[in-house]
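Q: Below is one structure. I have some questions about it.
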Amino acid sequence: MLPVYDATGDVMSVQFIANDGLKRFLTGGRTKGGYFPIEGSEGPLYIAEGFATAASIHAATASTVFVAFNAGNLEAVAAMARAKHPQREIVLCVDDDREQKDNPGLTKGVKAAQQIRGLVAFPTFADRRSGNDFNDLALAEGLDVVRVQLAKARAPDSTSPASVLPHGFEERKGGIFFLAENKDGDITPEWVCSSLRVLALTRDADNQEWGRLLEVVDPDGAAHKWALPMSMLSGNGETYRAHLLSLGLRLVPGGKGNNRLHMLLSLARPELRARCASRIGWFGARFVLPEGAIGEDQGEEIILQGVSGDNPFRVSGSIDDWRREIGAYCVGNSRLILSVSLALAAPLLFLTNSESGGFHLVAGSSLGKTTALAVAGSVCGGGGLNGYIRQWRVTSNGLEAVAAAHCDTLLCLDELSQVAAREAGEAAYMLANGTGKARANRKGEGRKPAAWRILFLSTGEISLADKVREDANGRVAAGQTVRVVDIPADASAGFGLFETLHGFPDGGSFSRHLKEASQRFYGAPLRAFLEHVAAHLDTVPGAILAFMRNFSERHCPHGVDGQVRRVLWRFAMTAAAGELGASIGVLPWPKGEAENAALVCFQAWLMERGGLGALETQTAISQVRAFIETHGASRFQDLHGEDGQRIVNRAGFRQTVDGRLRYCFFSEAFKREVCAGLSVATVCKALLERGLLVSESTRHTLTVRTPEGRMKCYVVTSAVMSGDGGDSEDIPEDAKHSLSPSTTLREGTAGTDPRERAARPRCPQLQNEPRGQRNTHDFAPVPTVPIVPAKNGDSKMTSFMAENG
């Protein structure tokens, strides 16, 4: 069992090597950039792929050797080693994978050596059939031969760093120099900048958006990579120079230095190629994050190109830290479970071809809304002043940039009240539609609009609908409520957002613990989840879709409108992501916890919404009712009253037929005032479906005898005021209690059916719970000893697949 260490010395995963040589990594662990050191003398530092190879090199040289675990990890480990040892000689001991396409061991080892100014050593055999690495060489020919060959390590064949510099530039001690020729023909080297290397030419998947992959060495000797888009060289180049300076580049001041730097970057022609991604998220079969791509290396390196602003995707602490201090306390709290599951659901949008959208937690101040954001954000990243959380207080242009920077991940937005009412609805559409505003450049030509796929979690003291109505002309569209789903943040358990406090004395102290833990441990869960998904791209999408279909079929109330089904589908994706995360060990939850939380929150949304039908239908009925409530008898002339009634701004008549009151609206008043902002046909259809409109024609009007003669009026019965005739829109009892006749909601807290609870796993005592007190919440214990994955595959994933088709 080999621990996999990160650059700070924390364990990030474990590699298991069986007696037959089969190698497995711990499910949910990270390996990118991880290494295992075999400590030795102060001579050259060697880097090898596998442990056996590294052990043989150490036995032959007595030097320190770093195990990189695989060829795809050589570059990251080499960069880490160079940062730790800026002046030390580093040798990449590569495997000669001559029987594989493109010889990945040799290719990646040479590339890693080039980028850190290291040396390369590869084994040569008297009999090529003896093997392909230094461990094979030690077994076949002995440690002395290994020692001799390692002593012949040399610079990569593809060249020294100077070879990629354009004519007239030269790298010397101290940085890059320009060979200036005076009028007498004498050459004088003039300093341009500190160490700067052009490692590769970059371009996107369509062979456009060309750029340069640069490496800057700062004054402390640390190397920083940045993918420069060549479009930044247009104009005066101030933007790209500012970013290089922020990375630690030292540049000779003045126009001469600027011009020579511009020339160097424009004319450099390195042989290596890399693919660039303009935003984070899926790029083919790999997921791009600021620090690199997650997934199987398919040849060329994939990098994020452009000027990086505040990076919210930082990592702090291990997955076990997060599970212990944050994940474990989510159990039994439906809003926290939903929020964390939503963070894992965002990368599944692309894989399941699902639409973007979000949830909006609505409640008064100090009920825990921001705590849910902090917990959800800690899944993806953190660091900085505000951690992972963003604010609604942003311009539309700024919101586009924020959304693009969170593509295929969760976006956390706090305090809806900070955005203007007229912009709130537009922002909801824009975020969910995944496309920014189309704009023109200075020449009037269309620019490519920003695009993204995103799930977002928002908070506010009022709902999106109420926010839109703050604008005098604001009207809530059904599409907005489908894209942004309002969920009451108050769980109605007496603790605000929470249903159970896990032993904390009150909701405030529980909230403070979660917020403080979210500032210390973040980022690891998303990486572990993505590594698993990327390694199982052939099975995960099908399993997730099967779970979602099953969830929707089992829990969809009868007779619902398509809008409700769309919202339920998003809850289904969130539940699927949470259940998958739990099944592979990323989330420390028992089976069914994420599904139950999604159902509880779906029920809360449904009850808050007030019906199962289309929102347009509910809005139409409400608008007619509101008009009558507001104006009453003041704008309706009583057909059975005394003559001479004085009605100002008359809207119609009132009459009694068979003992029931009717409101007869003038045609134009009905269209312009009652149906303002709605289609007349939609309002009439809604009234007809509930039996609230009396008509005699396809135009939905009725001929009414009035003092002025016969008139065509829209006749609405007084039942519209009490809901009589409209019970089809009310939530049925089975939906109120279980959302479907065959489903029983599990609350996850005290009060659950004791027979069900007795059969479920118990939660161990958490840090702040009173000793000896019987736990009232359900929780699957976090294993303290890693479980070796089954040889025939991931047993937890196999179980998830089997259960979900």
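By order in the structure tokens, chains are A, B, ...; within a chain, residues start at 1; ligands start at 1, following the order shown.
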Pick out each residue of region 532-688 of chain A that DSSP on the backbone tags as strand (DSSP E); I need them as a list in words.

A: Phe636, Gln637, Asp638, Gly652, Phe653, Arg654, Gln655, Thr656, Val657, Arg660, Leu661, Arg662, Tyr663, Cys664, Phe665 and Phe666 of chain A

Q: Using only C-alpha atoms, which protein or nucleic acid residues come within 10 Å of Ser341 (chain A)? Drop anything in the same chain fewer than 4 positions from it, and give the result as a list in words.

A: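 Listed by chain and then number, they are Arg335, Leu336, Ile337, Ala345, Ala346, Ala376, Val379, Phe571, Met573, Thr574, Ala575, Ala576, Ala577, Gly578, Glu579, Leu580, Gly581, Ala582, Leu587, Ala594, Glu595, Ala597 and Ala598 of chain A.
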
Q: With all heavy atoms retained, export the selected residues as a compact mmCIF listing (two decimals), in the first residue's frame.

A:
```
# COMPACT_ATOMS: atom_id res chain seq x y z
N ARG A 335 -31.98 20.36 2.98
CA ARG A 335 -31.48 21.48 2.16
C ARG A 335 -29.96 21.37 1.96
O ARG A 335 -29.46 21.70 0.88
CB ARG A 335 -31.81 22.81 2.81
CG ARG A 335 -33.19 23.38 2.47
CD ARG A 335 -34.32 22.50 2.91
NE ARG A 335 -35.63 23.13 2.75
CZ ARG A 335 -36.78 22.52 3.00
NH1 ARG A 335 -36.78 21.25 3.41
NH2 ARG A 335 -37.93 23.15 2.83
N LEU A 336 -29.23 20.92 2.97
CA LEU A 336 -27.79 20.74 2.81
C LEU A 336 -27.49 19.59 1.85
O LEU A 336 -26.60 19.70 1.00
CB LEU A 336 -27.14 20.48 4.17
CG LEU A 336 -27.15 21.62 5.18
CD1 LEU A 336 -26.45 21.19 6.47
CD2 LEU A 336 -26.47 22.86 4.61
N ILE A 337 -28.22 18.50 2.00
CA ILE A 337 -28.03 17.35 1.10
C ILE A 337 -28.30 17.76 -0.34
O ILE A 337 -27.54 17.44 -1.26
CB ILE A 337 -28.96 16.19 1.51
CG1 ILE A 337 -28.55 15.64 2.87
CG2 ILE A 337 -28.95 15.10 0.46
CD1 ILE A 337 -27.31 14.80 2.88
N ALA A 345 -24.05 17.45 -9.40
CA ALA A 345 -24.91 17.27 -10.58
C ALA A 345 -24.47 18.13 -11.76
O ALA A 345 -24.70 17.77 -12.92
CB ALA A 345 -26.36 17.57 -10.22
N ALA A 346 -23.85 19.29 -11.47
CA ALA A 346 -23.50 20.21 -12.55
C ALA A 346 -22.63 19.56 -13.63
O ALA A 346 -22.88 19.77 -14.83
CB ALA A 346 -22.81 21.45 -11.97
N ALA A 376 -22.26 23.92 -0.11
CA ALA A 376 -22.26 23.49 -1.51
C ALA A 376 -20.99 23.94 -2.23
O ALA A 376 -20.39 23.19 -3.00
CB ALA A 376 -23.49 24.04 -2.23
N VAL A 379 -17.70 21.93 -1.91
CA VAL A 379 -17.53 20.74 -2.75
C VAL A 379 -16.60 21.06 -3.92
O VAL A 379 -15.77 20.24 -4.32
CB VAL A 379 -18.89 20.25 -3.27
CG1 VAL A 379 -18.73 19.10 -4.26
CG2 VAL A 379 -19.77 19.82 -2.10
N PHE A 571 -34.70 17.85 -10.08
CA PHE A 571 -34.57 17.20 -8.78
C PHE A 571 -34.04 15.77 -8.94
O PHE A 571 -33.25 15.30 -8.12
CB PHE A 571 -35.91 17.18 -8.06
CG PHE A 571 -36.26 18.46 -7.35
CD1 PHE A 571 -37.16 19.36 -7.89
CD2 PHE A 571 -35.68 18.77 -6.13
CE1 PHE A 571 -37.49 20.53 -7.24
CE2 PHE A 571 -35.99 19.95 -5.47
CZ PHE A 571 -36.90 20.83 -6.02
N MET A 573 -32.03 14.65 -11.32
CA MET A 573 -30.59 14.70 -11.60
C MET A 573 -29.81 14.97 -10.32
O MET A 573 -28.75 14.36 -10.08
CB MET A 573 -30.29 15.78 -12.63
CG MET A 573 -28.80 16.08 -12.77
SD MET A 573 -28.44 17.27 -14.06
CE MET A 573 -28.60 16.22 -15.48
N THR A 574 -30.32 15.87 -9.49
CA THR A 574 -29.65 16.17 -8.23
C THR A 574 -29.59 14.94 -7.34
O THR A 574 -28.55 14.63 -6.74
CB THR A 574 -30.38 17.32 -7.51
OG1 THR A 574 -30.48 18.44 -8.39
CG2 THR A 574 -29.64 17.73 -6.27
N ALA A 575 -30.70 14.21 -7.26
CA ALA A 575 -30.73 12.99 -6.46
C ALA A 575 -29.76 11.95 -7.02
O ALA A 575 -29.05 11.28 -6.27
CB ALA A 575 -32.14 12.42 -6.42
N ALA A 576 -29.72 11.82 -8.35
CA ALA A 576 -28.83 10.84 -8.98
C ALA A 576 -27.38 11.15 -8.68
O ALA A 576 -26.58 10.25 -8.37
CB ALA A 576 -29.07 10.81 -10.49
N ALA A 577 -27.00 12.42 -8.76
CA ALA A 577 -25.62 12.81 -8.48
C ALA A 577 -25.26 12.52 -7.03
O ALA A 577 -24.17 12.01 -6.73
CB ALA A 577 -25.42 14.29 -8.79
N GLY A 578 -26.18 12.83 -6.11
CA GLY A 578 -25.91 12.57 -4.70
C GLY A 578 -25.79 11.09 -4.40
O GLY A 578 -24.91 10.66 -3.64
N GLU A 579 -26.66 10.28 -5.01
CA GLU A 579 -26.60 8.84 -4.78
C GLU A 579 -25.33 8.24 -5.39
O GLU A 579 -24.71 7.35 -4.80
CB GLU A 579 -27.84 8.15 -5.35
CG GLU A 579 -29.13 8.50 -4.64
CD GLU A 579 -29.13 8.06 -3.18
OE1 GLU A 579 -28.44 7.07 -2.84
OE2 GLU A 579 -29.82 8.71 -2.37
N LEU A 580 -24.93 8.73 -6.56
CA LEU A 580 -23.68 8.24 -7.15
C LEU A 580 -22.49 8.64 -6.29
O LEU A 580 -21.59 7.82 -6.03
CB LEU A 580 -23.51 8.80 -8.57
CG LEU A 580 -22.19 8.44 -9.27
CD1 LEU A 580 -22.02 6.94 -9.38
CD2 LEU A 580 -22.12 9.08 -10.65
N GLY A 581 -22.48 9.89 -5.82
CA GLY A 581 -21.39 10.34 -4.96
C GLY A 581 -21.28 9.50 -3.70
O GLY A 581 -20.18 9.19 -3.24
N ALA A 582 -22.43 9.11 -3.13
CA ALA A 582 -22.41 8.28 -1.92
C ALA A 582 -21.95 6.86 -2.25
O ALA A 582 -21.21 6.24 -1.48
CB ALA A 582 -23.80 8.26 -1.28
N LEU A 587 -19.22 10.97 -0.87
CA LEU A 587 -20.11 11.55 0.13
C LEU A 587 -20.38 10.52 1.23
O LEU A 587 -20.72 9.38 0.92
CB LEU A 587 -21.44 11.97 -0.52
CG LEU A 587 -21.32 12.94 -1.70
CD1 LEU A 587 -22.70 13.21 -2.31
CD2 LEU A 587 -20.67 14.24 -1.27
N ALA A 594 -29.79 11.14 -0.51
CA ALA A 594 -29.92 12.20 -1.52
C ALA A 594 -31.29 12.15 -2.19
O ALA A 594 -31.89 13.20 -2.47
CB ALA A 594 -28.82 12.05 -2.57
N GLU A 595 -31.80 10.96 -2.43
CA GLU A 595 -33.12 10.85 -3.06
C GLU A 595 -34.19 11.38 -2.13
O GLU A 595 -35.10 12.10 -2.56
CB GLU A 595 -33.40 9.38 -3.41
CG GLU A 595 -34.75 9.19 -4.09
CD GLU A 595 -34.98 7.77 -4.55
OE1 GLU A 595 -34.10 6.92 -4.33
OE2 GLU A 595 -36.05 7.50 -5.14
N ALA A 597 -33.86 13.63 0.25
CA ALA A 597 -33.75 15.09 0.34
C ALA A 597 -34.36 15.76 -0.89
O ALA A 597 -35.04 16.80 -0.77
CB ALA A 597 -32.28 15.49 0.48
N ALA A 598 -34.12 15.20 -2.07
CA ALA A 598 -34.70 15.76 -3.29
C ALA A 598 -36.22 15.71 -3.24
O ALA A 598 -36.91 16.65 -3.66
CB ALA A 598 -34.17 15.00 -4.51
```

Q: Based on DSSP run over this structure's backbone, return all residues of region 402-507 of chain A in helix (DSSP H, G or I), as a ChimeraX atom specification.

A: /A:402-404,416-418,421-433,464-469,478-483,507

Q: Could you pull the residues within 12 Å of Leu150 (chain A), counting only C-alpha atoms, minus those fewer than 6 positions along the same chain, as a PyMOL selection string?

A: chain A and resi 44-48+56-58+60-61+63+90-94+119-124+133-134+137-138+143-144

Q: Could you save those same residues with N, CA, C and O atoms as a compact mmCIF listing (two decimals), in the first residue's frame?

A:
```txt
# COMPACT_ATOMS: atom_id res chain seq x y z
N PRO A 44 21.58 13.68 -7.69
CA PRO A 44 20.46 13.98 -8.59
C PRO A 44 19.15 13.44 -8.03
O PRO A 44 19.12 12.40 -7.35
N LEU A 45 18.07 14.13 -8.33
CA LEU A 45 16.73 13.69 -7.95
C LEU A 45 16.14 12.96 -9.15
O LEU A 45 16.03 13.52 -10.24
N TYR A 46 15.75 11.70 -8.96
CA TYR A 46 15.19 10.90 -10.04
C TYR A 46 13.68 10.82 -9.92
O TYR A 46 13.13 10.80 -8.81
N ILE A 47 13.01 10.77 -11.06
CA ILE A 47 11.55 10.61 -11.10
C ILE A 47 11.24 9.43 -12.02
O ILE A 47 11.71 9.38 -13.17
N ALA A 48 10.45 8.48 -11.53
CA ALA A 48 10.10 7.29 -12.30
C ALA A 48 8.59 7.09 -12.24
O ALA A 48 7.90 7.66 -11.39
N SER A 56 14.30 0.17 -7.80
CA SER A 56 15.52 -0.31 -8.45
C SER A 56 16.50 0.84 -8.66
O SER A 56 17.72 0.67 -8.47
N ILE A 57 16.02 2.01 -9.05
CA ILE A 57 16.88 3.17 -9.24
C ILE A 57 17.51 3.59 -7.91
O ILE A 57 18.70 3.91 -7.84
N HIS A 58 16.71 3.58 -6.85
CA HIS A 58 17.23 3.92 -5.53
C HIS A 58 18.30 2.91 -5.08
O HIS A 58 19.34 3.30 -4.52
N ALA A 60 20.26 1.28 -6.97
CA ALA A 60 21.46 1.43 -7.79
C ALA A 60 22.22 2.70 -7.48
O ALA A 60 23.45 2.75 -7.64
N THR A 61 21.54 3.74 -7.02
CA THR A 61 22.18 5.05 -6.87
C THR A 61 22.20 5.58 -5.44
O THR A 61 22.95 6.52 -5.16
N SER A 63 20.11 7.45 -4.32
CA SER A 63 19.58 8.81 -4.41
C SER A 63 18.08 8.83 -4.13
O SER A 63 17.41 7.79 -4.12
N ILE A 90 17.54 17.22 -11.95
CA ILE A 90 16.40 16.29 -11.94
C ILE A 90 16.46 15.42 -13.19
O ILE A 90 16.61 15.95 -14.31
N VAL A 91 16.34 14.12 -13.02
CA VAL A 91 16.43 13.17 -14.12
C VAL A 91 15.11 12.43 -14.24
O VAL A 91 14.64 11.81 -13.27
N LEU A 92 14.49 12.49 -15.41
CA LEU A 92 13.29 11.73 -15.70
C LEU A 92 13.68 10.35 -16.20
O LEU A 92 14.29 10.23 -17.28
N CYS A 93 13.38 9.32 -15.44
CA CYS A 93 13.72 7.94 -15.80
C CYS A 93 12.50 7.32 -16.48
O CYS A 93 11.59 6.82 -15.80
N VAL A 94 12.46 7.38 -17.79
CA VAL A 94 11.24 7.06 -18.52
C VAL A 94 11.22 5.60 -18.94
O VAL A 94 12.26 4.94 -19.07
N LEU A 119 16.92 16.35 -17.18
CA LEU A 119 17.58 15.36 -18.03
C LEU A 119 16.67 14.15 -18.21
O LEU A 119 15.73 13.95 -17.44
N VAL A 120 17.00 13.37 -19.23
CA VAL A 120 16.21 12.17 -19.53
C VAL A 120 17.14 10.97 -19.56
O VAL A 120 18.25 11.03 -20.11
N ALA A 121 16.66 9.87 -18.95
CA ALA A 121 17.36 8.58 -19.04
C ALA A 121 16.34 7.51 -19.37
O ALA A 121 15.26 7.48 -18.78
N PHE A 122 16.68 6.65 -20.33
CA PHE A 122 15.79 5.54 -20.64
C PHE A 122 16.63 4.28 -20.82
O PHE A 122 17.79 4.33 -21.23
N PRO A 123 16.07 3.12 -20.48
CA PRO A 123 16.85 1.88 -20.47
C PRO A 123 17.10 1.34 -21.88
O PRO A 123 16.24 1.44 -22.76
N THR A 124 18.29 0.79 -22.07
CA THR A 124 18.60 0.05 -23.30
C THR A 124 19.03 -1.35 -22.90
O THR A 124 19.80 -1.53 -21.94
N ASP A 133 11.57 -0.99 -18.72
CA ASP A 133 11.85 0.02 -17.70
C ASP A 133 13.10 -0.39 -16.91
O ASP A 133 13.67 -1.46 -17.11
N PHE A 134 13.53 0.47 -16.00
CA PHE A 134 14.77 0.23 -15.28
C PHE A 134 14.66 -0.93 -14.28
O PHE A 134 15.67 -1.52 -13.91
N LEU A 137 15.41 -3.78 -16.43
CA LEU A 137 16.85 -3.78 -16.70
C LEU A 137 17.63 -4.33 -15.50
O LEU A 137 18.59 -5.11 -15.66
N ALA A 138 17.25 -3.95 -14.28
CA ALA A 138 17.93 -4.46 -13.08
C ALA A 138 17.78 -5.97 -12.96
O ALA A 138 18.73 -6.67 -12.60
N LEU A 143 22.11 -4.23 -11.20
CA LEU A 143 22.06 -2.83 -10.76
C LEU A 143 23.23 -2.01 -11.30
O LEU A 143 23.11 -0.80 -11.50
N ASP A 144 24.37 -2.66 -11.54
CA ASP A 144 25.52 -1.91 -12.07
C ASP A 144 25.20 -1.33 -13.44
O ASP A 144 25.58 -0.20 -13.76
```

Q: In Å, rounded to a single decimal, give me how far CA of Tyr329 (chain A) is from CA of Ser552 (chain A).

A: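 Answer for the CA of Ser552 (chain A) to CA of Tyr329 (chain A) separation: 27.7 Å.
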
Q: I need the residue nearest Thr682 (chain A) from this list: A:Arg98, A:Leu233, A:Val110, A:Gln618. Use only C-alpha atoms for the distance.

A: A:Gln618

Q: For Val419 (chain A), find every residue with an atom within 10 Å (counting only C-alpha atoms), except residues of its own chain fewer than 4 positions away, and show them as a ChimeraX atom specification.

A: /A:391-395,415,423-424,427,467

Q: Show me, as an MDAnalysis selection string, the residues that have an atom within 9 Å of Tyr429 (chain A) when counting only C-alpha atoms, minus same-chain residues fewer than 2 positions from it.

A: chainID A and resid 357 424:427 431:434 479:480 483:484

Q: Compile the contact shell of Pro488 (chain A) as a PDB file with C-alpha atoms, in the first residue's frame: residues with an atom at most 7 Å away, counting only C-alpha atoms, same-chain residues fewer than 4 positions apart removed.

A:
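Generated file (out_9.pdb):
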```pdb
ATOM      1  CA  LEU A 361     -33.487  29.182  -1.326  1.00  0.00           C
ATOM      2  CA  VAL A 362     -36.034  31.654   0.040  1.00  0.00           C
ATOM      3  CA  ALA A 363     -36.272  32.680   3.702  1.00  0.00           C
ATOM      4  CA  ALA A 604     -41.830  21.921  -0.430  1.00  0.00           C
TER       5      ALA A 604
END
```

Q: Tell me which of A:His167, A:Arg129, A:Lys173, A:Lys111 sits closest to Gly72 (chain A), counting only C-alpha atoms.

A: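 That would be A:Lys111, the residue with the smallest distance to Gly72 (chain A).
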
Q: Got a sec: who's within 10 Å of Arg660 (chain A), counting only C-alpha atoms, leaving out chain neighbours fewer than 2 positions off, as a ChimeraX atom specification?

A: /A:655-658,662,717-719

Q: Write to file, as a PDB file, in the first residue's frame, the residues of the selection just made, with all heavy atoms.

A:
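Resulting contents of selection.pdb:
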```pdb
ATOM      1  N   GLN A 655     -74.665  40.384 -12.515  1.00  0.00           N
ATOM      2  CA  GLN A 655     -76.026  39.858 -12.594  1.00  0.00           C
ATOM      3  C   GLN A 655     -76.108  38.573 -11.777  1.00  0.00           C
ATOM      4  O   GLN A 655     -75.095  37.922 -11.530  1.00  0.00           O
ATOM      5  CB  GLN A 655     -76.438  39.589 -14.042  1.00  0.00           C
ATOM      6  CG  GLN A 655     -75.649  38.493 -14.712  1.00  0.00           C
ATOM      7  CD  GLN A 655     -76.179  38.159 -16.096  1.00  0.00           C
ATOM      8  OE1 GLN A 655     -75.618  37.330 -16.757  1.00  0.00           O
ATOM      9  NE2 GLN A 655     -77.249  38.780 -16.555  1.00  0.00           N
ATOM     10  N   THR A 656     -77.307  38.222 -11.355  1.00  0.00           N
ATOM     11  CA  THR A 656     -77.533  36.995 -10.604  1.00  0.00           C
ATOM     12  C   THR A 656     -78.387  36.070 -11.454  1.00  0.00           C
ATOM     13  O   THR A 656     -79.478  36.444 -11.904  1.00  0.00           O
ATOM     14  CB  THR A 656     -78.243  37.283  -9.275  1.00  0.00           C
ATOM     15  OG1 THR A 656     -77.441  38.190  -8.502  1.00  0.00           O
ATOM     16  CG2 THR A 656     -78.432  36.002  -8.483  1.00  0.00           C
ATOM     17  N   VAL A 657     -77.896  34.846 -11.667  1.00  0.00           N
ATOM     18  CA  VAL A 657     -78.602  33.843 -12.459  1.00  0.00           C
ATOM     19  C   VAL A 657     -78.669  32.568 -11.637  1.00  0.00           C
ATOM     20  O   VAL A 657     -77.625  32.046 -11.200  1.00  0.00           O
ATOM     21  CB  VAL A 657     -77.893  33.580 -13.804  1.00  0.00           C
ATOM     22  CG1 VAL A 657     -78.617  32.476 -14.576  1.00  0.00           C
ATOM     23  CG2 VAL A 657     -77.826  34.854 -14.623  1.00  0.00           C
ATOM     24  N   ASP A 658     -79.905  32.085 -11.413  1.00  0.00           N
ATOM     25  CA  ASP A 658     -80.109  30.863 -10.614  1.00  0.00           C
ATOM     26  C   ASP A 658     -79.442  30.986  -9.250  1.00  0.00           C
ATOM     27  O   ASP A 658     -78.857  30.036  -8.714  1.00  0.00           O
ATOM     28  CB  ASP A 658     -79.571  29.632 -11.344  1.00  0.00           C
ATOM     29  CG  ASP A 658     -80.311  29.378 -12.652  1.00  0.00           C
ATOM     30  OD1 ASP A 658     -81.504  29.732 -12.726  1.00  0.00           O
ATOM     31  OD2 ASP A 658     -79.684  28.842 -13.590  1.00  0.00           O
ATOM     32  N   ARG A 662     -72.708  36.588 -11.295  1.00  0.00           N
ATOM     33  CA  ARG A 662     -71.820  36.568 -12.450  1.00  0.00           C
ATOM     34  C   ARG A 662     -71.244  37.966 -12.668  1.00  0.00           C
ATOM     35  O   ARG A 662     -71.896  38.975 -12.388  1.00  0.00           O
ATOM     36  CB  ARG A 662     -72.562  36.139 -13.727  1.00  0.00           C
ATOM     37  CG  ARG A 662     -73.039  34.705 -13.755  1.00  0.00           C
ATOM     38  CD  ARG A 662     -73.807  34.467 -15.049  1.00  0.00           C
ATOM     39  NE  ARG A 662     -74.227  33.082 -15.211  1.00  0.00           N
ATOM     40  CZ  ARG A 662     -74.937  32.638 -16.257  1.00  0.00           C
ATOM     41  NH1 ARG A 662     -75.295  33.490 -17.217  1.00  0.00           N
ATOM     42  NH2 ARG A 662     -75.276  31.374 -16.326  1.00  0.00           N
ATOM     43  N   THR A 717     -68.117  33.448 -13.461  1.00  0.00           N
ATOM     44  CA  THR A 717     -68.949  33.181 -12.294  1.00  0.00           C
ATOM     45  C   THR A 717     -68.218  33.592 -11.026  1.00  0.00           C
ATOM     46  O   THR A 717     -66.986  33.657 -10.975  1.00  0.00           O
ATOM     47  CB  THR A 717     -69.311  31.689 -12.206  1.00  0.00           C
ATOM     48  OG1 THR A 717     -68.138  30.940 -11.879  1.00  0.00           O
ATOM     49  CG2 THR A 717     -69.880  31.188 -13.537  1.00  0.00           C
ATOM     50  N   SER A 718     -68.988  33.829  -9.969  1.00  0.00           N
ATOM     51  CA  SER A 718     -68.403  34.251  -8.690  1.00  0.00           C
ATOM     52  C   SER A 718     -67.600  33.139  -8.023  1.00  0.00           C
ATOM     53  O   SER A 718     -66.891  33.390  -7.044  1.00  0.00           O
ATOM     54  CB  SER A 718     -69.499  34.717  -7.739  1.00  0.00           C
ATOM     55  OG  SER A 718     -70.436  33.662  -7.499  1.00  0.00           O
ATOM     56  N   ALA A 719     -67.695  31.907  -8.562  1.00  0.00           N
ATOM     57  CA  ALA A 719     -66.906  30.801  -8.001  1.00  0.00           C
ATOM     58  C   ALA A 719     -65.417  31.062  -8.124  1.00  0.00           C
ATOM     59  O   ALA A 719     -64.606  30.442  -7.424  1.00  0.00           O
ATOM     60  CB  ALA A 719     -67.269  29.486  -8.707  1.00  0.00           C
TER      61      ALA A 719
END
```

Q: What separation in Å, quoted to one decimal, exists between CA of Pro166 (chain A) and CA of Trp226 (chain A)?

A: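 Rounded to one decimal, the two atoms are 19.5 Å apart.
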
Q: From the list A:Ile389, A:Leu639, A:Leu213, A:Leu139, which residue is nearest His406 (chain A) when using only C-alpha atoms?

A: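 Looking at the shortest contact to His406 (chain A), the residue is A:Ile389.
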
Q: Contacts between region 276-285 of chain A and region 160-261 of chain A, please, where a residue of region 160-261 of chain A counts if it comes within 12 Å (with only C-alpha atoms); show its shortest atom pair and distance in Å to one decimal, rows by chain and ascending number, as a Markdown table.

A:
```
| residue | atom | partner | partner_atom | distance |
| --- | --- | --- | --- | --- |
| A:Ala200 | CA | A:Cys276 | CA | 10.8 |
| A:Leu201 | CA | A:Cys276 | CA | 9.5 |
| A:Thr202 | CA | A:Cys276 | CA | 5.8 |
| A:Arg203 | CA | A:Cys276 | CA | 5.4 |
| A:Asp204 | CA | A:Cys276 | CA | 4.9 |
| A:Ala205 | CA | A:Cys276 | CA | 7.6 |
| A:Asp206 | CA | A:Cys276 | CA | 10.3 |
| A:Asn207 | CA | A:Cys276 | CA | 9.6 |
| A:Gln208 | CA | A:Cys276 | CA | 9.5 |
| A:Glu209 | CA | A:Cys276 | CA | 8.1 |
| A:Trp210 | CA | A:Cys276 | CA | 8.3 |
| A:Gly211 | CA | A:Cys276 | CA | 8.2 |
| A:Arg212 | CA | A:Cys276 | CA | 9.6 |
| A:Leu213 | CA | A:Cys276 | CA | 9.2 |
| A:Trp226 | CA | A:Cys276 | CA | 10.9 |
| A:Ala227 | CA | A:Cys276 | CA | 7.8 |
| A:Leu228 | CA | A:Cys276 | CA | 9.8 |
| A:Pro229 | CA | A:Cys276 | CA | 9.2 |
| A:Met230 | CA | A:Cys276 | CA | 12.0 |
```

Q: Pick the closest to Ala489 (chain A) from A:Cys412, A:Leu537, A:Val600, A:Ala517: which is it, counting only C-alpha atoms?

A: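 With only C-alpha atoms as the atom set, the closest residue is A:Val600.
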